[in-house]
Structure formats: C-alpha cells, structure tokens
Amino acid sequence: MSSATQETPGAIKAPGGFLVMPSVIVLLAWMIVPLVMTVWFSFQYYNLLAPETAGFAGLDNYEFLVTDPDFWVSLRNTLVLLSSVLVITVVLGTLLAVLFDQPFPGRNIARVLAISPFFIMPTVAALIWKNLMMHPIYGVFGAVAQAFGFEPVDWFAQFPLASVIAIVSWEWLPFALLILLTAVQSLDHEQREAARMDGAGVIAQFVFITLPHLSRAIGVVVMIETIFLLTVFAEIFVTTSGGPGNATTNLAFLIYARALLQFDIGGASAGGVVAIVLANIVAFFLVRSIARRLEV
Amino acid sequence: MEDSLGRRILTFVLGWGVALLLFFPIFWMALTSFKTEAEAVTAQLMFTPTLDSYREVLSRADYLGFALNSVVVSVGGTVLALLLAIPAAYSMAFHPTARTRSTLLWMLSTKMLPSVGVLVPIYLLFRSAGLLDTRSGLVIIYALMNLPIVVWMLFTFYKEVPREILEAGRMDGARTGGEVWFLLLPLTLPGVASTGLLSLILCWNEAFWSLNLTSSSAAPLTAFIASFSSPEGLFFAKLSAASTMAVAPILVFGWFSQRQLVRGLTFGAVK
C-alpha cells in the first residue's frame with residue numbers, strides 16, 4: 001500500500017539524501033579546509049611579522065620544532081597532565097559511581113551537587129581555584145593550613161603543574177562519575193545478589209562483577225577525556241600562562257603562543273600537525289569502540 | 001546483614017561528604033560574592049551579606065554586553081546546528097541507506113580534530129573574512145563544533161519513535177514530507193529540546209575559540225571572566241559575583257539534563 005510498509009533499513013533508496021547533504025558539506029569543509037591549510041603552512045616559511053621570508057620550507061619547521069627543548073617539555077607536560085587527570089578521574093569516578101549507586105537519604109541531591117563542577121565554565125573554575133582556594137594568603141587552603149599550625153603553600157609557584165592537574169581533575173571527575181554511574185545502574189542486581197549468596201565479599205563483588213561490567217564505560221570515559229585533555233587551554237591561559245618558565249606549557253598553549261604571540265604561522269602549524277596526529281591515534285580507537293555498538 | 005545500620009550510616013556520611021567537598025568551591029564562590037572586598041580575602045563565615053559586588057559588576061558598562069554576547073552566540077550556534085541537524089538526523093533515522101552508518105561515524109570523527117590543531121588556519125581565514133571578534137564568527141564555529149553531537153543525539157531520539165505511528169499517519173493521508181514532519185514534531189520535541197539544551201551548555205562554557213577569536217566587541221562571559229586573571233583577580237568579591245552570575249543559569253540547566261548529557265557526550269556508547 002503505502003511506501004512506508006516496504007521500508008526496510010538499507011533497502012530503500014533514500015528519498016531524503018538531500019536532507020543529509022547540508023550537514024555533510026559543512027562538516028567536510030570544516031574538517032578538510034583547515035586541515036589542508038595546517039599541513040600546507042607547516043611546510044612554509046610564514047611569519048606574520050616577517051612577510052619577506054616566505055616560501056617553501058621543506059621540513060625546516062619540523063626540524064626547528066623537534067630541536068626546540070620547549071617542544072619536548074610541552075609534550076611531556078601534555079602527557080603528564082593527561083595521564084594524571086585520567087588516573088584521578090577514572091579511579092575516583094569508579095569508586096564514587098559505586099558509592100552513589102547505594103541508596104542513602106538525599107542521594108539525588110547529593111549526586112546533583114557532586115556533578116555540578118562539570119557545568120562550570122573553565123575560566124571560572126580556574127580563577128576560583130587559583131584565587132579563592134589556592135591563594136597562599138587569602139585562600140581557603142591557606143586559612144585551613146594556618147588553623148592547623150602549618151605554613152600555607154604557594155601552590156602555583158611551588159607545584160604549578162600539579163595545581164593545574166587539580167583544577168582540571170575537579171572539572172572532569174563529575175563527567176567520569178556521571179558516565180560510570182549510568183553504567184553501574186544498568187548492572188544486573190540479581191547477579192550481584194547471587195554472588196553475595198555464594199559468599200562473595202564486597203571487594204570480590206566489585207572486582208569480579210562491577211569492574212568487568214564497567215570496562216566498556218571506562219574505556220569510553222578514557223577516550224573522550226583524552227580528546228579534550230590533550231588540548232587543555234583556558235585553565236592554563238588564565239592561571240599560569242604556561243609558566244613559571246615553561247612548567248605548565250602544554251602542546252595547546254605552545255601552539256597558541258607560537259601562532260598568536262610570536263606570529264610564527266609555519267612553526268605553529270607544525271605543532272598543530274603533531275596535535276592532530278596525537279588526537280587521531282586516540283580517535284581511531286574511540287570510533288572503533290563506538291562503531292561496535294552502533295545499530296542503524 | 002550487609003545492610004546493617006553501620007554500613008548505611010557510612011554510605012550516608014561518605015556520599016554527602018564527597019558531594020559537599022566537590023561542591024565546596026562553587027558554594028564558596030557564591031558566598032564570597034555576598035561579601036565586601038575586605039571580607040572576601042578572609043575565610044570568615046559570619047558576615048553581613050551585601051549586594052555591592054553584584055551592583056558594581058553590573059554597573060560596569062560592558063558587563064551586560066558580555067552577557068548578551070554569551071546568549072547570542074550560544075543560542076545562535078545551537079539554532080544553526082539544530083537547523084542543519086534535524087533534517088539530516090530525520091533522514092538517517094527513518095530512511096537509512098547503506099551509507100548511513102559510515103556517514104554517522106565519519107561525522108563523529110570530525111569531532112576528534114583537536115581545535116588547537118586548526119587554530120592557525122581558522123584564525124587566518126577569520127581575519128581575511130573580517131570575522132575576528134564578531135558574533136557571527138563564533139556562531140558559525142559553535143554550530144560546526146556541536147553539529148556531530150547534535151546529529152547523533154537527534155538520531156538516537158528519532159530511532160526511538162515507533163514506526164507504526166508514522167505508518168498510521170501515512171494511512172491517514174500524510175503523504176508529503178511536510179505532513180510527516182508535522183506529525184513527528186510533537187513526538188520528538190522533548191528530544192530536540194534536550195539536544196538543544198546540551199548544545200547550549202557546551203556553547204556557553206566554550207573557552208578555546210572564544211578566548212582566541214574575540215577580544216572585545218563579541219567576547220562572551222568566558223572571556224570576560226578571563227579578564228579577571230590579573231591584576232583585577234585580586235578583587236575576590238567582584239570576581240565571585242561576576243562568576244556566580246556567569247555560571248548560575250547553565251548550572252541549573254545542567255541539573256535538569258544529566259541523563260541527556262550521558263547520551264550526548266558518549267554518542268550513545270553508554271546508556
């Protein structure tokens with residue numbers, strides 16, 4: 001009768017293919033144009049302050065990049081920041097997800113409070129932490145330390161990278177908690193009940209039932225956080241500006257400084273290519289993991 | 001046995017302890033915003049609340065301009081993304097082809113391009129197009145940035161609409177795409193709304209492009225708050241008041257969209 005009854009996925013020629021095209025075209029342009037430009041610039045001498053030295057640079061920008069100690073420091077900082085925040089958020093996130101899965105009075109309100117940091121804009125989160133929390137003279141931490149008779153710590157001067165890690169972890173722990181809690185709640189409670197009947201303790205239940213069930217969700221959290229954490233920017237921009245020295249300069253901040261402070265377009269683009277390659281390695285695994293789940 | 005009283009009390013104390021600890025900086029920010037500048041640099045809890053800081057921040061001629069920019073670029077970016085995504089998601093959910101699966105995954109992969117990797121070309125393109133420090137520039141970036149997430153979320157919502165409803169509609173004479181569309185609209189409105197909400201939250205809090213592509217006339221609240229980084233940051237009460245106003249609306253939105261957030265941010269990989 002109607003055409004709808006003949007519809008089987010994949011069989012029908014899309015009457016609405018043109019409906020998909022606008023999205024595909026703009027995304028294609030959004031991806032291809034800047035990508036090609038970045039790669040192109042990375043092989044060019046191109047400095048906005050020195051327009052006379054233009055032309056093909058071969059691998060010079062890359063050579064300059066890898067022989068620059070700042071680059072290796074920034075790469076190390078990027079990886080330290082990434083792995084520290086990942087470990088903190090995934091470990092604490094898993095434990096908190098199990099905690100918030102237990103019934104207790106006011107649990108829904110407590111959960112809402114706990115995930116709130118995720119909705120705070122990065123510039124606010126960073127400045128609130130830097131000034132109201134970690135400031136050695138006026139901050140809460142300093143006041144608490146003094147109340148217990150300790151010397152206040154000048155966090156950003158003495159432990160700059162750790163301070164940034166603390167702020168970013170605070171922002172992303174709620175994300176891990178939210179995703180992992182959703183996964184924990186889909187756990188079959190009968191299975192755990194059966195395990196308990198068989199005499200499995202709390203820890204055994206966690207290790208042999210909860211963790212395996214969560215492995216997929218943990219993988220998704222790790223990969224999504226990696227995409228965002230490879231390019232942490234605003235938190236560094238408003239707190240340390242990459243310093244002191246280059247102690248908190250990550251790849252994103254290095255590229256920003258090269259491009260918009262030193263106007264070295266060629267050099268910044270070479271850094272950009274490195275960032276893209278790093279992200280793509282992660283993206284490959286993320287897309288594959290999601291593809292396995294996708295039902296069309 | 002497991003659910004002994006001791007265990008319940010421990011869960012309660014731990015759960016609330018963690019929640020209050022994580023929320024503490026936000027609470028402290030809100031509290032400080034009601035202090036005077038002199039009180040703000042102390043950790044004291046007892047003080048006479050004052051709205052002076054709010055008054056001062058609001059009386060700055062440019063504050064409302066930043067707030068307006070935030071609203072315009074967030075709403076603009078979200079609406080543009082929805083306009084592009086709704087037809088695409090509709091078509092892929094109800095008329096899937098052999099290519100639909102790979103198209104969806106490809107859209108997702110565009111999200112993996114790190115923004116800092118394309119900062120240079122986007123900056124130069126914007127400069128030559130006169131889009132630097134304009135709201136339209138940010139609207140375009142935000143729409144493109146969120147388009148993959150928006151398409152994915154809408155797609156999952158459309159997939160949940162029972163086919164029978166559409167078929168019944170067609171029997172009743174809804175033959176053209178437009179008529180089917182009006183049938184679908186009320187059914188999928190909640191899905192569209194929560195997708196839009198997630199997109200709004202992401203645009204509102206975006207702080208890479210807003211810091212790099214705007215300076216004054218189009219700068220949203222993320223950039224305004226960044227201007228407190230030094231030396232103005234020492235005015236703690238004003239920083240707190242400005243920050244509280246900047247985060248309050250989106251925090252409330254966030255509380256109402258937790259579930260959709262999981263769906264949107266994991267591309268349906270965790271349900």
# chains A, B, ... in the order shown; residues from 1 in each chain; ligands from 1

call {"tool": "residues_around", "arguments": {"residues": "Arg263 of chain B", "least_positions_apart": "4", "cutoff": "12 Å", "atoms": "only C-alpha atoms", "output": "ChimeraX atom specification"}}
result
/A:178-179,182-183 /B:149-150,152-157,191,194-195,198,257-259,267-271

call {"tool": "select_by_dssp", "arguments": {"residues": "segment 134-251 of chain B", "states": "alpha helix (DSSP H)", "output": "PyMOL selection string"}}
result
chain B and resi 135-159+163-171+177-205+209-213+221-226+236-251

call {"tool": "residues_around", "arguments": {"residues": "Arg60 of chain B", "least_positions_apart": "5", "cutoff": "12 Å", "atoms": "only C-alpha atoms", "output": "list in words"}}
result
Ser53, Tyr54, Arg55, Gly65, Phe66, Ala67, Phe224, Lys238 and Ala242 of chain B

call {"tool": "write_last_selection", "arguments": {"atoms": "N, CA, C and O atoms", "output": "compact mmCIF listing (two decimals), in the first residue's frame"}}
result
# COMPACT_ATOMS: atom_id res chain seq x y z
N SER B 53 28.94 43.91 45.38
CA SER B 53 29.76 43.40 44.29
C SER B 53 28.93 43.20 43.03
O SER B 53 29.37 43.51 41.92
N TYR B 54 27.71 42.67 43.22
CA TYR B 54 26.83 42.49 42.06
C TYR B 54 26.54 43.84 41.42
O TYR B 54 26.56 44.00 40.20
N ARG B 55 26.24 44.83 42.31
CA ARG B 55 25.92 46.16 41.80
C ARG B 55 27.09 46.72 40.99
O ARG B 55 26.91 47.27 39.92
N GLY B 65 26.97 43.68 27.99
CA GLY B 65 27.40 43.37 26.63
C GLY B 65 27.97 41.97 26.54
O GLY B 65 27.62 41.20 25.64
N PHE B 66 28.85 41.60 27.50
CA PHE B 66 29.42 40.25 27.51
C PHE B 66 28.32 39.21 27.69
O PHE B 66 28.31 38.18 27.01
N ALA B 67 27.41 39.48 28.63
CA ALA B 67 26.33 38.53 28.88
C ALA B 67 25.48 38.36 27.63
O ALA B 67 25.13 37.23 27.25
N PHE B 224 35.19 37.41 29.40
CA PHE B 224 35.08 38.46 30.42
C PHE B 224 35.69 38.00 31.73
O PHE B 224 36.48 38.71 32.37
N LYS B 238 34.28 40.77 43.65
CA LYS B 238 33.75 41.08 42.32
C LYS B 238 33.94 39.90 41.37
O LYS B 238 33.05 39.57 40.58
N ALA B 242 30.76 38.17 39.55
CA ALA B 242 30.71 38.01 38.09
C ALA B 242 30.64 36.53 37.72
O ALA B 242 29.87 36.13 36.84

call {"tool": "closest_residue", "arguments": {"among": "B:Leu10, B:Met29, B:Ala246, B:Leu125", "to": "Lys130 of chain A", "atoms": "only C-alpha atoms"}}
result
B:Met29

call {"tool": "residues_around", "arguments": {"residues": "segment 65-70 of chain A", "least_positions_apart": "5", "cutoff": "12 Å", "atoms": "only C-alpha atoms", "output": "PyMOL selection string"}}
result
chain A and resi 42+59-60+75-78+242-243+245-251+253-255+257-258+264+266-274

call {"tool": "write_last_selection", "arguments": {"atoms": "N, CA, C and O atoms", "output": "short mmCIF file (atom, residue, chain, number, x, y, z; two decimals), in the first residue's frame"}}
result
data_model
loop_
_atom_site.label_atom_id
_atom_site.label_comp_id
_atom_site.auth_asym_id
_atom_site.auth_seq_id
_atom_site.Cartn_x
_atom_site.Cartn_y
_atom_site.Cartn_z
N SER A 42 52.63 24.16 7.48
CA SER A 42 53.71 23.56 8.26
C SER A 42 54.94 23.33 7.39
O SER A 42 56.02 23.12 7.91
N LEU A 59 61.18 20.54 5.53
CA LEU A 59 60.90 20.05 6.88
C LEU A 59 61.47 20.98 7.96
O LEU A 59 61.53 20.61 9.13
N ASP A 60 61.88 22.18 7.55
CA ASP A 60 62.54 23.09 8.49
C ASP A 60 61.72 23.36 9.75
O ASP A 60 62.26 23.38 10.86
N LEU A 75 55.42 18.64 25.32
CA LEU A 75 54.88 17.29 25.07
C LEU A 75 54.83 16.49 26.37
O LEU A 75 53.83 15.82 26.67
N ARG A 76 55.89 16.62 27.18
CA ARG A 76 55.90 15.92 28.46
C ARG A 76 54.79 16.44 29.36
O ARG A 76 54.04 15.67 29.96
N ASN A 77 54.65 17.78 29.43
CA ASN A 77 53.59 18.36 30.26
C ASN A 77 52.21 17.89 29.80
O ASN A 77 51.34 17.59 30.61
N THR A 78 52.02 17.84 28.46
CA THR A 78 50.74 17.39 27.93
C THR A 78 50.44 15.98 28.42
O THR A 78 49.33 15.69 28.88
N GLY A 242 51.25 29.34 31.10
CA GLY A 242 52.29 28.40 30.71
C GLY A 242 53.49 28.36 31.64
O GLY A 242 54.34 27.50 31.52
N GLY A 243 53.56 29.30 32.61
CA GLY A 243 54.72 29.39 33.46
C GLY A 243 54.54 28.72 34.81
O GLY A 243 53.58 27.99 34.99
N GLY A 245 58.32 29.91 33.86
CA GLY A 245 59.15 29.35 32.80
C GLY A 245 58.25 28.65 31.80
O GLY A 245 57.34 29.26 31.27
N ASN A 246 58.49 27.35 31.61
CA ASN A 246 57.58 26.59 30.76
C ASN A 246 56.97 25.42 31.53
O ASN A 246 56.57 24.43 30.95
N ALA A 247 56.88 25.58 32.85
CA ALA A 247 56.48 24.47 33.71
C ALA A 247 55.07 23.97 33.41
O ALA A 247 54.76 22.80 33.64
N THR A 248 54.19 24.85 32.93
CA THR A 248 52.82 24.39 32.65
C THR A 248 52.44 24.61 31.18
O THR A 248 51.28 24.66 30.83
N THR A 249 53.45 24.76 30.32
CA THR A 249 53.17 24.90 28.89
C THR A 249 52.88 23.52 28.30
O THR A 249 53.75 22.66 28.30
N ASN A 250 51.65 23.33 27.84
CA ASN A 250 51.36 22.07 27.14
C ASN A 250 51.35 22.37 25.64
O ASN A 250 51.59 23.50 25.21
N LEU A 251 51.08 21.33 24.86
CA LEU A 251 51.15 21.48 23.40
C LEU A 251 50.19 22.56 22.92
O LEU A 251 50.55 23.39 22.07
N PHE A 253 49.05 25.18 24.51
CA PHE A 253 49.50 26.52 24.86
C PHE A 253 50.72 26.92 24.02
O PHE A 253 50.85 28.08 23.62
N LEU A 254 51.59 25.95 23.73
CA LEU A 254 52.76 26.22 22.90
C LEU A 254 52.34 26.69 21.51
O LEU A 254 52.85 27.67 20.98
N ILE A 255 51.36 25.98 20.93
CA ILE A 255 50.89 26.35 19.59
C ILE A 255 50.26 27.73 19.62
O ILE A 255 50.53 28.57 18.75
N ALA A 257 50.94 30.15 21.69
CA ALA A 257 51.99 31.17 21.86
C ALA A 257 52.75 31.39 20.55
O ALA A 257 53.03 32.52 20.17
N ARG A 258 53.06 30.27 19.84
CA ARG A 258 53.77 30.41 18.57
C ARG A 258 52.94 31.22 17.58
O ARG A 258 53.45 32.07 16.86
N ASP A 264 54.42 33.10 14.38
CA ASP A 264 55.13 32.14 13.55
C ASP A 264 54.14 31.10 13.06
O ASP A 264 53.94 30.05 13.66
N GLY A 266 54.15 29.15 10.38
CA GLY A 266 54.73 27.88 9.95
C GLY A 266 55.04 26.97 11.13
O GLY A 266 54.66 25.81 11.15
N GLY A 267 55.71 27.51 12.14
CA GLY A 267 56.07 26.73 13.31
C GLY A 267 54.86 26.26 14.08
O GLY A 267 54.79 25.10 14.50
N ALA A 268 53.87 27.15 14.27
CA ALA A 268 52.66 26.77 14.98
C ALA A 268 51.93 25.66 14.24
O ALA A 268 51.38 24.75 14.86
N SER A 269 51.93 25.71 12.91
CA SER A 269 51.24 24.70 12.13
C SER A 269 51.90 23.34 12.27
O SER A 269 51.23 22.31 12.33
N ALA A 270 53.25 23.34 12.33
CA ALA A 270 53.94 22.07 12.55
C ALA A 270 53.51 21.47 13.89
O ALA A 270 53.25 20.26 13.99
N GLY A 271 53.39 22.33 14.92
CA GLY A 271 52.89 21.86 16.22
C GLY A 271 51.46 21.35 16.09
O GLY A 271 51.09 20.35 16.70
N GLY A 272 50.66 22.07 15.30
CA GLY A 272 49.26 21.66 15.09
C GLY A 272 49.17 20.28 14.48
O GLY A 272 48.34 19.46 14.88
N VAL A 273 50.05 20.00 13.52
CA VAL A 273 50.04 18.68 12.88
C VAL A 273 50.35 17.60 13.92
O VAL A 273 49.71 16.54 13.94
N VAL A 274 51.31 17.89 14.82
CA VAL A 274 51.62 16.92 15.88
C VAL A 274 50.38 16.67 16.75
O VAL A 274 50.05 15.52 17.06
#

call {"tool": "atom_distance", "arguments": {"atom1": "atom CA of Gly15 of chain B", "atom2": "atom CA of Phe175 of chain A"}}
result
16.8 Å

call {"tool": "residues_around", "arguments": {"residues": "Glu39 of chain B", "least_positions_apart": "2", "cutoff": "12 Å", "atoms": "only C-alpha atoms", "output": "ChimeraX atom specification"}}
result
/A:138 /B:31-37,41-50,53,235-238

call {"tool": "closest_residue", "arguments": {"among": "B:Leu82, B:Leu187, B:Ala19, B:Leu202", "to": "chain A", "atoms": "only C-alpha atoms"}}
result
B:Ala19

call {"tool": "closest_residue", "arguments": {"among": "A:Ala195, A:Val90, A:Ala97, A:Ala217", "to": "chain B", "atoms": "only C-alpha atoms"}}
result
A:Ala217

call {"tool": "residues_around", "arguments": {"residues": "Leu80 of chain B", "least_positions_apart": "6", "cutoff": "12 Å", "atoms": "only C-alpha atoms", "output": "list in words"}}
result
Pro22, Ser23 and Val26 of chain A; Val72, Val73, Ser74, Ile86, Ser136, Leu138, Val139, Ile140, Ile141, Tyr142, Ala143, Leu144, Met145, Asn146, Leu147, Val150, Gly196, Ser199 and Leu200 of chain B

call {"tool": "residues_around", "arguments": {"residues": "Leu92 of chain A", "least_positions_apart": "5", "cutoff": "9 Å", "atoms": "only C-alpha atoms", "output": "list in words"}}
result
Val87, Ala97, Leu173, Ala176 and Leu177 of chain A

call {"tool": "write_last_selection", "arguments": {"atoms": "all heavy atoms", "output": "PDB file, in the first residue's frame"}}
result
ATOM      1  N   VAL A  87      43.991   9.140  35.481  1.00  0.00           N
ATOM      2  CA  VAL A  87      44.052   8.209  36.612  1.00  0.00           C
ATOM      3  C   VAL A  87      43.144   8.707  37.744  1.00  0.00           C
ATOM      4  O   VAL A  87      42.328   7.950  38.286  1.00  0.00           O
ATOM      5  CB  VAL A  87      45.510   8.049  37.101  1.00  0.00           C
ATOM      6  CG1 VAL A  87      45.547   7.312  38.428  1.00  0.00           C
ATOM      7  CG2 VAL A  87      46.342   7.310  36.064  1.00  0.00           C
ATOM      8  N   ALA A  97      31.036   6.235  41.667  1.00  0.00           N
ATOM      9  CA  ALA A  97      29.866   5.688  40.977  1.00  0.00           C
ATOM     10  C   ALA A  97      29.251   4.565  41.797  1.00  0.00           C
ATOM     11  O   ALA A  97      28.024   4.482  41.946  1.00  0.00           O
ATOM     12  CB  ALA A  97      30.262   5.192  39.587  1.00  0.00           C
ATOM     13  N   LEU A 173      36.180  15.010  36.976  1.00  0.00           N
ATOM     14  CA  LEU A 173      35.717  13.918  37.836  1.00  0.00           C
ATOM     15  C   LEU A 173      34.193  13.745  37.742  1.00  0.00           C
ATOM     16  O   LEU A 173      33.705  12.618  37.628  1.00  0.00           O
ATOM     17  CB  LEU A 173      36.164  14.160  39.292  1.00  0.00           C
ATOM     18  CG  LEU A 173      35.643  13.173  40.333  1.00  0.00           C
ATOM     19  CD1 LEU A 173      36.007  11.745  39.964  1.00  0.00           C
ATOM     20  CD2 LEU A 173      36.185  13.499  41.720  1.00  0.00           C
ATOM     21  N   ALA A 176      33.313  11.717  34.637  1.00  0.00           N
ATOM     22  CA  ALA A 176      33.565  10.285  34.810  1.00  0.00           C
ATOM     23  C   ALA A 176      32.501   9.672  35.722  1.00  0.00           C
ATOM     24  O   ALA A 176      31.952   8.600  35.433  1.00  0.00           O
ATOM     25  CB  ALA A 176      34.963  10.064  35.392  1.00  0.00           C
ATOM     26  N   LEU A 177      32.187  10.381  36.810  1.00  0.00           N
ATOM     27  CA  LEU A 177      31.182   9.886  37.754  1.00  0.00           C
ATOM     28  C   LEU A 177      29.832   9.687  37.060  1.00  0.00           C
ATOM     29  O   LEU A 177      29.179   8.652  37.202  1.00  0.00           O
ATOM     30  CB  LEU A 177      31.053  10.871  38.923  1.00  0.00           C
ATOM     31  CG  LEU A 177      29.838  10.720  39.834  1.00  0.00           C
ATOM     32  CD1 LEU A 177      29.811   9.348  40.489  1.00  0.00           C
ATOM     33  CD2 LEU A 177      29.830  11.803  40.915  1.00  0.00           C
TER      34      LEU A 177
END

call {"tool": "closest_residue", "arguments": {"among": "B:Phe23, B:Trp16, B:Phe182, B:Phe228", "to": "Ala126 of chain A", "atoms": "only C-alpha atoms"}}
result
B:Phe228

call {"tool": "atom_distance", "arguments": {"atom1": "atom CA of Ala145 of chain A", "atom2": "atom CA of Val247 of chain B"}}
result
28.9 Å

call {"tool": "atom_distance", "arguments": {"atom1": "atom CA of Leu28 of chain A", "atom2": "atom CA of Phe233 of chain A"}}
result
25.3 Å

call {"tool": "select_by_dssp", "arguments": {"residues": "segment 5-253 of chain A", "states": "strand (DSSP E)", "output": "list of chain:residue names"}}
result
A:Gln44, A:Tyr45, A:Gly55, A:Phe56

call {"tool": "closest_residue", "arguments": {"among": "B:Ala81, B:His95, B:Phe12, B:Ala38", "to": "Cys203 of chain B", "atoms": "only C-alpha atoms"}}
result
B:Ala81

call {"tool": "decode", "arguments": {"residues": "segment 14-43 of chain A", "atoms": "N, CA and C atoms", "output": "PDB file, in the first residue's frame"}}
result
ATOM      1  N   ALA A  14      17.337   6.391  -0.510  1.00  0.00           N
ATOM      2  CA  ALA A  14      16.978   7.491   0.386  1.00  0.00           C
ATOM      3  C   ALA A  14      16.248   8.606  -0.353  1.00  0.00           C
ATOM      4  N   PRO A  15      14.988   8.849  -0.015  1.00  0.00           N
ATOM      5  CA  PRO A  15      14.317   9.983  -0.636  1.00  0.00           C
ATOM      6  C   PRO A  15      14.849  11.289  -0.042  1.00  0.00           C
ATOM      7  N   GLY A  16      15.443  11.159   1.122  1.00  0.00           N
ATOM      8  CA  GLY A  16      15.874  12.371   1.808  1.00  0.00           C
ATOM      9  C   GLY A  16      17.375  12.517   1.852  1.00  0.00           C
ATOM     10  N   GLY A  17      18.076  11.938   0.886  1.00  0.00           N
ATOM     11  CA  GLY A  17      19.522  12.064   0.874  1.00  0.00           C
ATOM     12  C   GLY A  17      19.953  13.521   0.866  1.00  0.00           C
ATOM     13  N   PHE A  18      19.155  14.329   0.187  1.00  0.00           N
ATOM     14  CA  PHE A  18      19.495  15.757   0.122  1.00  0.00           C
ATOM     15  C   PHE A  18      19.358  16.418   1.490  1.00  0.00           C
ATOM     16  N   LEU A  19      18.638  15.776   2.424  1.00  0.00           N
ATOM     17  CA  LEU A  19      18.497  16.336   3.767  1.00  0.00           C
ATOM     18  C   LEU A  19      19.799  16.194   4.559  1.00  0.00           C
ATOM     19  N   VAL A  20      20.577  15.162   4.208  1.00  0.00           N
ATOM     20  CA  VAL A  20      21.825  14.930   4.921  1.00  0.00           C
ATOM     21  C   VAL A  20      22.928  15.819   4.376  1.00  0.00           C
ATOM     22  N   MET A  21      22.787  16.171   3.099  1.00  0.00           N
ATOM     23  CA  MET A  21      23.889  16.876   2.426  1.00  0.00           C
ATOM     24  C   MET A  21      24.352  18.163   3.115  1.00  0.00           C
ATOM     25  N   PRO A  22      23.436  19.052   3.535  1.00  0.00           N
ATOM     26  CA  PRO A  22      23.947  20.295   4.156  1.00  0.00           C
ATOM     27  C   PRO A  22      24.909  20.025   5.311  1.00  0.00           C
ATOM     28  N   SER A  23      24.532  19.101   6.196  1.00  0.00           N
ATOM     29  CA  SER A  23      25.401  18.786   7.327  1.00  0.00           C
ATOM     30  C   SER A  23      26.725  18.208   6.853  1.00  0.00           C
ATOM     31  N   VAL A  24      26.645  17.293   5.885  1.00  0.00           N
ATOM     32  CA  VAL A  24      27.870  16.648   5.402  1.00  0.00           C
ATOM     33  C   VAL A  24      28.785  17.678   4.761  1.00  0.00           C
ATOM     34  N   ILE A  25      28.200  18.555   3.964  1.00  0.00           N
ATOM     35  CA  ILE A  25      29.038  19.533   3.246  1.00  0.00           C
ATOM     36  C   ILE A  25      29.734  20.480   4.219  1.00  0.00           C
ATOM     37  N   VAL A  26      28.982  21.036   5.190  1.00  0.00           N
ATOM     38  CA  VAL A  26      29.640  21.987   6.098  1.00  0.00           C
ATOM     39  C   VAL A  26      30.686  21.289   6.968  1.00  0.00           C
ATOM     40  N   LEU A  27      30.390  20.049   7.383  1.00  0.00           N
ATOM     41  CA  LEU A  27      31.375  19.339   8.206  1.00  0.00           C
ATOM     42  C   LEU A  27      32.617  18.996   7.390  1.00  0.00           C
ATOM     43  N   LEU A  28      32.392  18.645   6.124  1.00  0.00           N
ATOM     44  CA  LEU A  28      33.514  18.330   5.252  1.00  0.00           C
ATOM     45  C   LEU A  28      34.409  19.551   5.101  1.00  0.00           C
ATOM     46  N   ALA A  29      33.770  20.709   4.856  1.00  0.00           N
ATOM     47  CA  ALA A  29      34.537  21.944   4.710  1.00  0.00           C
ATOM     48  C   ALA A  29      35.264  22.274   6.003  1.00  0.00           C
ATOM     49  N   TRP A  30      34.564  22.125   7.123  1.00  0.00           N
ATOM     50  CA  TRP A  30      35.104  22.425   8.453  1.00  0.00           C
ATOM     51  C   TRP A  30      36.295  21.549   8.765  1.00  0.00           C
ATOM     52  N   MET A  31      36.305  20.325   8.199  1.00  0.00           N
ATOM     53  CA  MET A  31      37.397  19.422   8.500  1.00  0.00           C
ATOM     54  C   MET A  31      38.531  19.584   7.487  1.00  0.00           C
ATOM     55  N   ILE A  32      38.179  19.534   6.201  1.00  0.00           N
ATOM     56  CA  ILE A  32      39.208  19.464   5.165  1.00  0.00           C
ATOM     57  C   ILE A  32      39.984  20.779   5.016  1.00  0.00           C
ATOM     58  N   VAL A  33      39.253  21.903   4.941  1.00  0.00           N
ATOM     59  CA  VAL A  33      39.927  23.173   4.638  1.00  0.00           C
ATOM     60  C   VAL A  33      41.006  23.522   5.665  1.00  0.00           C
ATOM     61  N   PRO A  34      40.667  23.572   6.964  1.00  0.00           N
ATOM     62  CA  PRO A  34      41.719  23.913   7.932  1.00  0.00           C
ATOM     63  C   PRO A  34      42.814  22.857   8.006  1.00  0.00           C
ATOM     64  N   LEU A  35      42.427  21.593   7.809  1.00  0.00           N
ATOM     65  CA  LEU A  35      43.415  20.513   7.889  1.00  0.00           C
ATOM     66  C   LEU A  35      44.462  20.674   6.795  1.00  0.00           C
ATOM     67  N   VAL A  36      43.982  20.889   5.572  1.00  0.00           N
ATOM     68  CA  VAL A  36      44.900  21.069   4.447  1.00  0.00           C
ATOM     69  C   VAL A  36      45.763  22.306   4.667  1.00  0.00           C
ATOM     70  N   MET A  37      45.127  23.379   5.159  1.00  0.00           N
ATOM     71  CA  MET A  37      45.892  24.609   5.397  1.00  0.00           C
ATOM     72  C   MET A  37      46.968  24.408   6.444  1.00  0.00           C
ATOM     73  N   THR A  38      46.622  23.712   7.545  1.00  0.00           N
ATOM     74  CA  THR A  38      47.615  23.468   8.588  1.00  0.00           C
ATOM     75  C   THR A  38      48.808  22.701   8.042  1.00  0.00           C
ATOM     76  N   VAL A  39      48.520  21.633   7.303  1.00  0.00           N
ATOM     77  CA  VAL A  39      49.605  20.825   6.746  1.00  0.00           C
ATOM     78  C   VAL A  39      50.434  21.668   5.770  1.00  0.00           C
ATOM     79  N   TRP A  40      49.757  22.445   4.930  1.00  0.00           N
ATOM     80  CA  TRP A  40      50.435  23.307   3.953  1.00  0.00           C
ATOM     81  C   TRP A  40      51.340  24.325   4.654  1.00  0.00           C
ATOM     82  N   PHE A  41      50.794  25.028   5.629  1.00  0.00           N
ATOM     83  CA  PHE A  41      51.581  26.037   6.347  1.00  0.00           C
ATOM     84  C   PHE A  41      52.787  25.421   7.035  1.00  0.00           C
ATOM     85  N   SER A  42      52.629  24.165   7.485  1.00  0.00           N
ATOM     86  CA  SER A  42      53.709  23.560   8.259  1.00  0.00           C
ATOM     87  C   SER A  42      54.940  23.330   7.391  1.00  0.00           C
ATOM     88  N   PHE A  43      54.757  23.395   6.061  1.00  0.00           N
ATOM     89  CA  PHE A  43      55.909  23.261   5.161  1.00  0.00           C
ATOM     90  C   PHE A  43      56.329  24.604   4.575  1.00  0.00           C
TER      91      PHE A  43
END
